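**Student:** Dropping the structure in here first, questions after.
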Amino acid sequence: MAPIPGSGLAKGLAVTLRTMTRKSVTAQYPDTQPELPPRSRGVIGLFEENCTVCMLCARECPDWCIYIDSHKETVPPAAPGGRERSRNVLDRFAIDFSLCMYCGICIEVCPFDALFWSPEFEYAETDIRDLTHERDKLREWMWTVPAPPALDAGAEEPKEVAAARKTADKLAAAQADEQGHADGPGQPHGPGHADGPGQPHGPGQAGAPGQEGRA
């Protein structure tokens, strides 16, 4: 069957009429901020306290856009007679976002959870050289990282949380033990202890001297 002449035009005008009666969905950016998905890949935030300068992120980066500098420091022994240790101290952590292709490999390979995706995207610059952001800026973006989604009801507790809770329980038990030793001498006797001098006798015990024979 041959198409009716002008049917295509009629369909197009019908679409136009339908959209004319709908409310506009244009977001007036930057006055109205967009609602981004929780897993948006904006920039990379650095949690500096977790970084051990293992260099895995810089070695695995396909674009070689991560720059890390560090130096070694000697740590004194934790106990007398122990051995001194050396540790890496972070001096510089920078990412060149003009080279970054947002693959997320650096975040995936980090064994100590020092890098995170942030939905922040407003970091345009007029000079390409200003797109290399140092660790201070990366740390600021860390506070824009959204909280991780809640675990399922039957999910296993994360190992980091379990280890932190175990350490906190040990510290609380040690403090309670120290408090118990401190409260030992000079404190009133607890139940089941012999009565101290001058204390009234409990029921069923012998009366005070001079009370025998009285009714």
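Here's how to read the names in the structure tokens: chain A, B, ... by the order shown, residue numbers from 1 in each chain, ligand numbers from 1 in the order shown.
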For Glu60 of chain A, work out the shell of residues within 12 Å, counting only C-alpha atoms and skipping chain neighbours fewer than 4 positions away, then give it as a list in words.
**Tutor:**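 Those residues are Cys54, Met55, Leu56, Trp64, Cys65, Ile66, Cys103, Gly104, Ile105, Cys106, Ile107, Glu108, Val109 and Cys110 of chain A.
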**Student:** If you keep all heavy atoms, can you produce a file of those selected residues as a tab-separated table (two decimals), in the first residue's frame?
**Tutor:**
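File written: again.tsv
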```tsv
chain	number	residue	atom	x	y	z
A	54	CYS	N	53.93	2.71	47.51
A	54	CYS	CA	54.29	1.43	46.89
A	54	CYS	C	54.49	1.57	45.39
A	54	CYS	O	55.03	0.66	44.75
A	54	CYS	CB	53.23	0.38	47.20
A	54	CYS	SG	51.61	0.73	46.46
A	55	MET	N	54.05	2.68	44.80
A	55	MET	CA	54.24	3.00	43.39
A	55	MET	C	53.44	2.12	42.43
A	55	MET	O	53.63	2.17	41.23
A	55	MET	CB	55.72	2.92	43.01
A	55	MET	CG	56.63	3.79	43.84
A	55	MET	SD	56.35	5.55	43.60
A	55	MET	CE	56.94	5.77	41.94
A	56	LEU	N	52.52	1.31	42.95
A	56	LEU	CA	51.73	0.46	42.05
A	56	LEU	C	50.88	1.29	41.10
A	56	LEU	O	50.76	0.96	39.91
A	56	LEU	CB	50.85	-0.47	42.88
A	56	LEU	CG	51.46	-1.81	43.30
A	56	LEU	CD1	50.49	-2.57	44.18
A	56	LEU	CD2	51.83	-2.63	42.09
A	64	TRP	N	50.92	7.12	32.21
A	64	TRP	CA	52.04	7.64	32.98
A	64	TRP	C	51.77	9.09	33.42
A	64	TRP	O	52.61	9.98	33.25
A	64	TRP	CB	53.35	7.56	32.18
A	64	TRP	CG	53.80	6.18	31.93
A	64	TRP	CD1	53.45	5.37	30.90
A	64	TRP	CD2	54.68	5.40	32.77
A	64	TRP	NE1	54.05	4.13	31.02
A	64	TRP	CE2	54.82	4.13	32.16
A	64	TRP	CE3	55.36	5.66	33.95
A	64	TRP	CZ2	55.61	3.12	32.70
A	64	TRP	CZ3	56.14	4.66	34.48
A	64	TRP	CH2	56.26	3.41	33.86
A	65	CYS	N	50.60	9.30	33.97
A	65	CYS	CA	50.23	10.66	34.37
A	65	CYS	C	50.27	10.86	35.88
A	65	CYS	O	49.82	11.89	36.38
A	65	CYS	CB	48.83	11.00	33.84
A	65	CYS	SG	47.51	9.98	34.51
A	66	ILE	N	50.79	9.88	36.63
A	66	ILE	CA	50.89	9.98	38.09
A	66	ILE	C	52.36	10.19	38.45
A	66	ILE	O	53.22	9.40	38.04
A	66	ILE	CB	50.32	8.73	38.77
A	66	ILE	CG1	48.85	8.55	38.39
A	66	ILE	CG2	50.48	8.83	40.28
A	66	ILE	CD1	48.22	7.30	38.98
A	103	CYS	N	40.51	5.66	33.34
A	103	CYS	CA	40.29	4.22	33.25
A	103	CYS	C	40.07	3.60	34.63
A	103	CYS	O	39.48	2.53	34.74
A	103	CYS	CB	41.48	3.54	32.57
A	103	CYS	SG	43.04	3.69	33.47
A	104	GLY	N	40.57	4.24	35.68
A	104	GLY	CA	40.37	3.74	37.03
A	104	GLY	C	41.31	2.62	37.43
A	104	GLY	O	41.12	2.01	38.50
A	105	ILE	N	42.34	2.32	36.64
A	105	ILE	CA	43.27	1.25	36.99
A	105	ILE	C	44.02	1.58	38.28
A	105	ILE	O	44.24	0.70	39.13
A	105	ILE	CB	44.25	0.99	35.83
A	105	ILE	CG1	43.49	0.39	34.64
A	105	ILE	CG2	45.38	0.06	36.25
A	105	ILE	CD1	44.36	0.14	33.42
A	106	CYS	N	44.42	2.83	38.45
A	106	CYS	CA	45.17	3.21	39.65
A	106	CYS	C	44.34	2.97	40.91
A	106	CYS	O	44.87	2.54	41.94
A	106	CYS	CB	45.60	4.67	39.57
A	106	CYS	SG	44.23	5.85	39.34
A	107	ILE	N	43.04	3.21	40.83
A	107	ILE	CA	42.16	3.00	42.00
A	107	ILE	C	42.00	1.51	42.26
A	107	ILE	O	41.97	1.07	43.42
A	107	ILE	CB	40.81	3.68	41.75
A	107	ILE	CG1	41.01	5.19	41.60
A	107	ILE	CG2	39.83	3.37	42.88
A	107	ILE	CD1	39.76	5.94	41.25
A	108	GLU	N	41.91	0.72	41.20
A	108	GLU	CA	41.71	-0.72	41.37
A	108	GLU	C	42.93	-1.41	41.94
A	108	GLU	O	42.81	-2.34	42.75
A	108	GLU	CB	41.32	-1.34	40.02
A	108	GLU	CG	40.00	-0.87	39.46
A	108	GLU	CD	38.82	-1.26	40.33
A	108	GLU	OE1	38.92	-2.30	41.00
A	108	GLU	OE2	37.82	-0.53	40.33
A	109	VAL	N	44.14	-0.99	41.52
A	109	VAL	CA	45.35	-1.70	41.94
A	109	VAL	C	45.87	-1.23	43.29
A	109	VAL	O	46.73	-1.89	43.87
A	109	VAL	CB	46.46	-1.56	40.89
A	109	VAL	CG1	46.02	-2.12	39.56
A	109	VAL	CG2	46.93	-0.12	40.76
A	110	CYS	N	45.39	-0.11	43.81
A	110	CYS	CA	45.89	0.39	45.10
A	110	CYS	C	45.53	-0.59	46.20
A	110	CYS	O	44.35	-0.82	46.48
A	110	CYS	CB	45.29	1.76	45.41
A	110	CYS	SG	45.87	2.44	46.99
```
**Student:** Might you pull out every residue within 9 Å of Glu73 of chain A, with only C-alpha atoms counted and same-chain residues fewer than 3 positions away left off, and present them as a list of chain:residue names?
**Tutor:**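 The neighbour list is A:Arg85, A:Ser86, A:Arg87, A:Asn88, A:Val89.
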**Student:** Which residue gives the smallest distance to Leu138 of chain A among A:Glu35, A:Asp183, A:Thr21, A:Phe116, with only C-alpha atoms counted?
**Tutor:** A:Phe116
**Student:** Considering only strand (DSSP E or B) as DSSP defines it on the backbone, what residues of segment 5-192 of chain A qualify? List them as a PyMOL selection string.
**Tutor:** chain A and resi 43-46+66-75+85-96+115-118+132-133
**Student:** What does the distance between atom CA of Glu134 of chain A and atom CA of Phe93 of chain A come to in Å, to one decimal place?
**Tutor:**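 Taking atom CA of Glu134 of chain A and atom CA of Phe93 of chain A, their separation equals 5.9 Å.
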**Student:** May I have all residues of segment 51-187 of chain A that DSSP, computed from the backbone, assigns to helix (DSSP H, G or I), given as a PyMOL selection string?
**Tutor:** chain A and resi 56-60+105-109+128-131+135-142+159-182
**Student:** Using only C-alpha atoms, find the one residue out of A:Pro76, A:Pro158, A:Pro30, A:Pro62 that sits nearest to Leu99 of chain A.
**Tutor:**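 Smallest separation from Leu99 of chain A among the options: A:Pro62.
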**Student:** Determine the nearest neighbour of Thr52 of chain A from the options A:Phe112, A:Leu36, A:Tyr29, A:Met20, counting only C-alpha atoms.
**Tutor:** A:Phe112
**Student:** Quick one: of A:Ala155, A:Pro148, A:Phe97, A:Leu115, who's nearest to Arg129 of chain A, counting only C-alpha atoms?
**Tutor:** A:Phe97
**Student:** Show me, as a list of chain:residue names, the residues that have an atom within 7 Å of segment 117-124 of chain A when counting only C-alpha atoms, minus same-chain residues fewer than 5 positions from it.
**Tutor:**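 Near neighbours after the sequence-gap exclusion: A:Ser40, A:Arg41, A:Gly42, A:Val43, A:Ile44, A:Gly45, A:Trp141, A:Met142, A:Thr144, A:Val145.
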**Student:** To one decimal place in Å, what is the distance between atom CA of Asp69 of chain A and atom CA of Asp113 of chain A?
**Tutor:**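 The value is 18.8 Å.
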**Student:** Using only C-alpha atoms, can you tell me which of A:Glu48, A:Asp177, A:Glu157, A:Asp63 comes closest to Met101 of chain A?
**Tutor:**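 Checking each candidate against Met101 of chain A, we get A:Asp63 as the closest.
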